[in-house]
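Following: one structure in structure tokens, then a few remarks.
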Amino acid sequence: MEWNKLLSPKTKMERKKEPEKFFEYPINDMETDYEQIISSSAFRRLQDKTQVFPLDKSDFVRTRLTHSIEVSSIARQLGIMIQKTPEKYGPNLFENENKNIIENIPSILACAGLLHDIGNPPFGHFGEAIIGDWFKKELEKDDFNFNNKPIRKILNDQMKRDLENFEGNAQAIRILTRLHSNSNDVNLSYSILNTLMKYPTDSTNFSNKDENIKKHKLGYYYSENSIVKDICQTTGTEIEGEYVRHPLTFLLEAADDIAYATADLEDAFKKGLFTIEQFIDYYQGEINEIKDKDTHYAEEILVNLKERVKTNEDIFSAFQKCMNFTKKWLMYVVVYRFYKSFDDIMEGSYKHDLFYGTFHEYTIGILKGAMKKFVFDDTEILKLELSAKKIIEAFLNDFIYAVRYWNEDKNCEKKISKSDKKYINIISQSLRDEYMKTEPKSESERLYNKFMMVIDFISGMTDSYAKTLYQELYGIY
């Protein structure tokens with residue numbers, strides 16, 4: 001791969017020409033992208049979407065918006081760090097590159113960090129599972145049909161697997177390349193879009209058991225096959241007919257993991273889901289379980305926390321400062337791994353995350369494990385997630401069945417019901433207009449595109465909007 005291609009400023013739609021006067025104070029393409037992102041409606045909706053705690057009333061707890069800003073900040077800093085190789089790690093990775101192009105790396109990572117969760121539905125990652133599980137069940141039913149033919153027999157394999165494995169990463173690519181395509185709401189550089197593609201794999205080829213991290217989830221849908229090909233060919237991330245990860249994607253993923261393992265854990269501690277004593281006992285227990293491995297650096301984090309607690313410092317402040325200390329160490333080892341694996345990354349053959357084989361590989365695992373132990377099985381979270389399940393499933397039951405015979409007068413044996421028309425009118429006009437532009441060529445594409453329209457509608461909802469709409473539709477006042 002070559003950086004002059006990887007950092008391509010190409011966009012799906014040609015950018016509008018600015019007045020010549022503006023070039024007295026030039027703003028580069030990546031800064032234009034940043035401005036588009038923070039002004040976009042999809043980004044603003046993140047302020048009312050769950051990060052970890054669904055429908056939480058606390059102002060302290062992070063939302064998708066604050067989490068995304070943190071990821072953006074960490075990703076940008078990682079981008080700055082990789083440009084300044086310490087002599088002991090080898091030669092400057094970018095010494096032979098065009099400096100004007102390389103200077104865009106931090107901006108690209110900052111933009112990607114802001115956008116990395118833009119495809120997530122309301123109520124957190126649990127919302128993703130609800131959508132996929134609903135389609136798995138419905139596609140098995142004969143009465144989920146079109147003109148008396150089971151829909152599972154109409155859709156092709158990729159279409160069905162897209163629906164059964166809804167994924168926020170793939171939804172983000174869809175939003176940013178398809179929705180609002182005739183407006184300038186978001187018209188981003190291919191370098192940013194490619195960096196966002198954490199899993200350059202379609203829904204028929206992914207497996208979380210594959211040793212290559214790029215195949216652990218699906219990264220794009222059937223509806224985006226063509227634009228993804230264009231992006232990967234333009235940036236040079238198509239190698240011998242196979243899509244590989246953009247080098248900056250590894251840094252974006254690491255930034256997300258660092259924010260999740262430190263900031264989200266901080267939120268959980270603030271909410272009282274575990275005590276400092278419970279955390280210390282858990283951490284020490286995990287260290288003890290790691291046999292015949294060097295855990296010295298992972299233990300340093302625990303030592304740092306214990307020392308802060310001993311100083312009679314405010315307990316939350318002590319935990320918060322320890323997490324900040326940990327974050328800096330994690331960033332350091334990520335950049336180290338990027339240096340040491342640079343050739344493999346640039347060849348598209350590197351298969352791991354950037355914590356792999358570093359001093360703090362165990363640290364990140366222990367911190368992620370703490371989230372599973374103390375947070376995800378908490379009774380209050382479970383109750384909120386079950387509430388989210390009822391809301392999203394209700395919408396899918398109502399809207400997916402309603403759209404089957406919409407806009408099908410010439411191709412349909414059945415007429416759409418009056419109640420179904422009302423449901424369709426609730427779907428935003430912009431999404432219905434977008435569907436009308438798709439020009440599906442077959443029965444399977446028409447159905448698939450209509451189902452994706454409903455998914456776009458539901459996944460674009462904020463937590464509050466989803467809750468309010470559910471109450472209104474079901475007469476809960």
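So you can find residues: chains in the structure tokens are A, B, ... in the order shown, residues in each start at 1, and ligands are numbered from 1 in order.
Residues of range 143-203 of chain A assigned to strand (DSSP E) by DSSP on this structure's backbone: Asn145, Phe146, Lys149 and Pro150 of chain A.
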Which residues are near Phe359 in chain A? Cut-off 10 Å, only C-alpha atoms, ignore same chain within fewer than 5 positions. Put them as a ChimeraX atom specification. /A:294-298,329-330,332-334,336
Can you tell me, as a compact mmCIF listing (two decimals) with C-alpha atoms, in the first residue's frame, what residues are no more than 9 Å from range 299-302 of chain A when counting only C-alpha atoms, ignoring any on the same chain fewer than 4 positions away?
```txt
# COMPACT_ATOMS: atom_id res chain seq x y z
CA ILE A 280 -8.31 -4.51 43.29
CA TYR A 283 -7.39 -7.33 39.10
CA GLN A 284 -5.02 -9.23 41.40
CA ILE A 287 -2.86 -11.43 37.39
CA THR A 295 2.83 -9.64 34.03
CA LYS A 306 -2.99 1.15 45.44
CA GLU A 307 -0.50 3.96 45.99
CA CYS A 322 -5.10 5.71 37.56
CA MET A 323 -7.23 5.21 34.44
CA PHE A 325 -2.16 6.82 33.69
CA THR A 326 -3.26 3.51 32.15
CA THR A 363 -3.71 -5.02 30.92
```
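Shortest separation to Ser442 in chain A among A:Ile154, A:Ile290, A:Ser189, A:Tyr470 occurs at residue A:Ile154, atoms counted being only C-alpha atoms.
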Give me every alpha helix (DSSP H) residue in range 162-197 of chain A, going by DSSP on the backbone, as a PyMOL selection string. chain A and resi 162-164+168-177+190-196
Those residues you just picked out, can you put them in a file as a PDB file, in the first residue's frame with C-alpha atoms?
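part-v8.pdb, freshly written:
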```
ATOM      1  CA  ASP A 162     -26.859  -8.696   6.321  1.00  0.00           C
ATOM      2  CA  LEU A 163     -30.230  -8.647   8.057  1.00  0.00           C
ATOM      3  CA  GLU A 164     -29.416 -11.466  10.458  1.00  0.00           C
ATOM      4  CA  GLY A 168     -23.043  -0.805  13.538  1.00  0.00           C
ATOM      5  CA  ASN A 169     -19.759  -0.606  11.620  1.00  0.00           C
ATOM      6  CA  ALA A 170     -21.447  -1.619   8.364  1.00  0.00           C
ATOM      7  CA  GLN A 171     -24.329   0.743   9.116  1.00  0.00           C
ATOM      8  CA  ALA A 172     -21.854   3.610   9.497  1.00  0.00           C
ATOM      9  CA  ILE A 173     -20.457   2.969   6.014  1.00  0.00           C
ATOM     10  CA  ARG A 174     -24.029   2.869   4.689  1.00  0.00           C
ATOM     11  CA  ILE A 175     -24.986   6.152   6.350  1.00  0.00           C
ATOM     12  CA  LEU A 176     -21.900   7.973   5.131  1.00  0.00           C
ATOM     13  CA  THR A 177     -21.965   6.712   1.547  1.00  0.00           C
ATOM     14  CA  TYR A 190     -12.301   8.083   0.897  1.00  0.00           C
ATOM     15  CA  SER A 191      -9.337   7.981   3.288  1.00  0.00           C
ATOM     16  CA  ILE A 192     -11.707   8.606   6.211  1.00  0.00           C
ATOM     17  CA  LEU A 193     -14.331   6.163   4.969  1.00  0.00           C
ATOM     18  CA  ASN A 194     -11.697   3.460   4.499  1.00  0.00           C
ATOM     19  CA  THR A 195     -10.235   4.091   7.958  1.00  0.00           C
ATOM     20  CA  LEU A 196     -13.723   3.572   9.390  1.00  0.00           C
TER      21      LEU A 196
END
```
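Nearest to Asp433 in chain A of all the residues A:Ile400, A:Leu6, A:Phe342, A:Arg178 is A:Arg178, counting only C-alpha atoms.
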Using only C-alpha atoms, can you tell me which of A:Ile424, A:Ile105, A:Leu218, A:Ile118 comes closest to Gly460 in chain A? A:Ile118
For Lys373 in chain A, list every protein, DNA or RNA residue within 12 Å, evaluated using only C-alpha atoms, and leave out those in the same chain fewer than 2 positions away; present the list as a PyMOL selection string. chain A and resi 265+268+273-274+278-279+282-283+286+366-371+375-378
Quick check, in Å to one decimal: how far apart do CA of Glu97 in chain A and CA of Pro247 in chain A lie? 15.1 Å
Of the candidates A:Cys232, A:Met346, A:Leu469, A:Met452, which shows the shortest atom-to-atom distance to Phe166 in chain A, using only C-alpha atoms? A:Met452
Report the closest atom pair, with its distance in Å rounded to one decimal, for each residue of range 257-346 of chain A that has an atom no farther than 10 Å from range 65-87 of chain A; count only C-alpha atoms, sort by chain and then rising residue number, and write it as a Markdown table.
```
| residue | atom | partner | partner_atom | distance |
| --- | --- | --- | --- | --- |
| A:Asp257 | CA | A:Val71 | CA | 8.7 |
| A:Ile258 | CA | A:Val71 | CA | 8.1 |
| A:Ala259 | CA | A:Val71 | CA | 6.1 |
| A:Tyr260 | CA | A:His67 | CA | 8.2 |
| A:Ala263 | CA | A:His67 | CA | 8.2 |
| A:Asp264 | CA | A:His67 | CA | 8.4 |
| A:Lys327 | CA | A:Ile74 | CA | 9.1 |
| A:Lys328 | CA | A:Ile74 | CA | 9.5 |
| A:Met331 | CA | A:Leu78 | CA | 6.9 |
| A:Tyr332 | CA | A:Leu78 | CA | 8.6 |
| A:Val334 | CA | A:Leu78 | CA | 8.2 |
| A:Val335 | CA | A:Ile82 | CA | 6.1 |
| A:Tyr336 | CA | A:Ile82 | CA | 8.6 |
| A:Phe338 | CA | A:Ile82 | CA | 7.8 |
| A:Tyr339 | CA | A:Ile82 | CA | 7.6 |
```
List the neighbours of Tyr34 in chain A out to 9 Å using only C-alpha atoms; skip same-chain residues closer than 5 positions along the sequence, and give me the result as a tab-separated table (two decimals) with C-alpha atoms, in the first residue's frame.
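Done, and the output landed in out_17.tsv:
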```tsv
chain	number	residue	atom	x	y	z
A	29	ASP	CA	-9.92	18.64	2.59
A	39	SER	CA	-22.49	19.90	11.58
A	107	SER	CA	-6.97	14.88	11.05
A	108	ILE	CA	-8.16	11.71	9.31
A	110	ALA	CA	-9.79	12.60	14.44
A	111	CYS	CA	-12.62	12.52	11.89
A	114	LEU	CA	-15.95	11.14	15.70
A	188	LEU	CA	-16.30	12.56	3.11
```
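Closest approach to Ala42 in chain A from the set A:Asp420, A:Glu128, A:Asp353, A:Asp117 is made by A:Asp117, with distances taken over only C-alpha atoms.
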Computed interatomic separation between CA of Lys217 in chain A and CA of Glu167 in chain A (Å): 7.7 Å
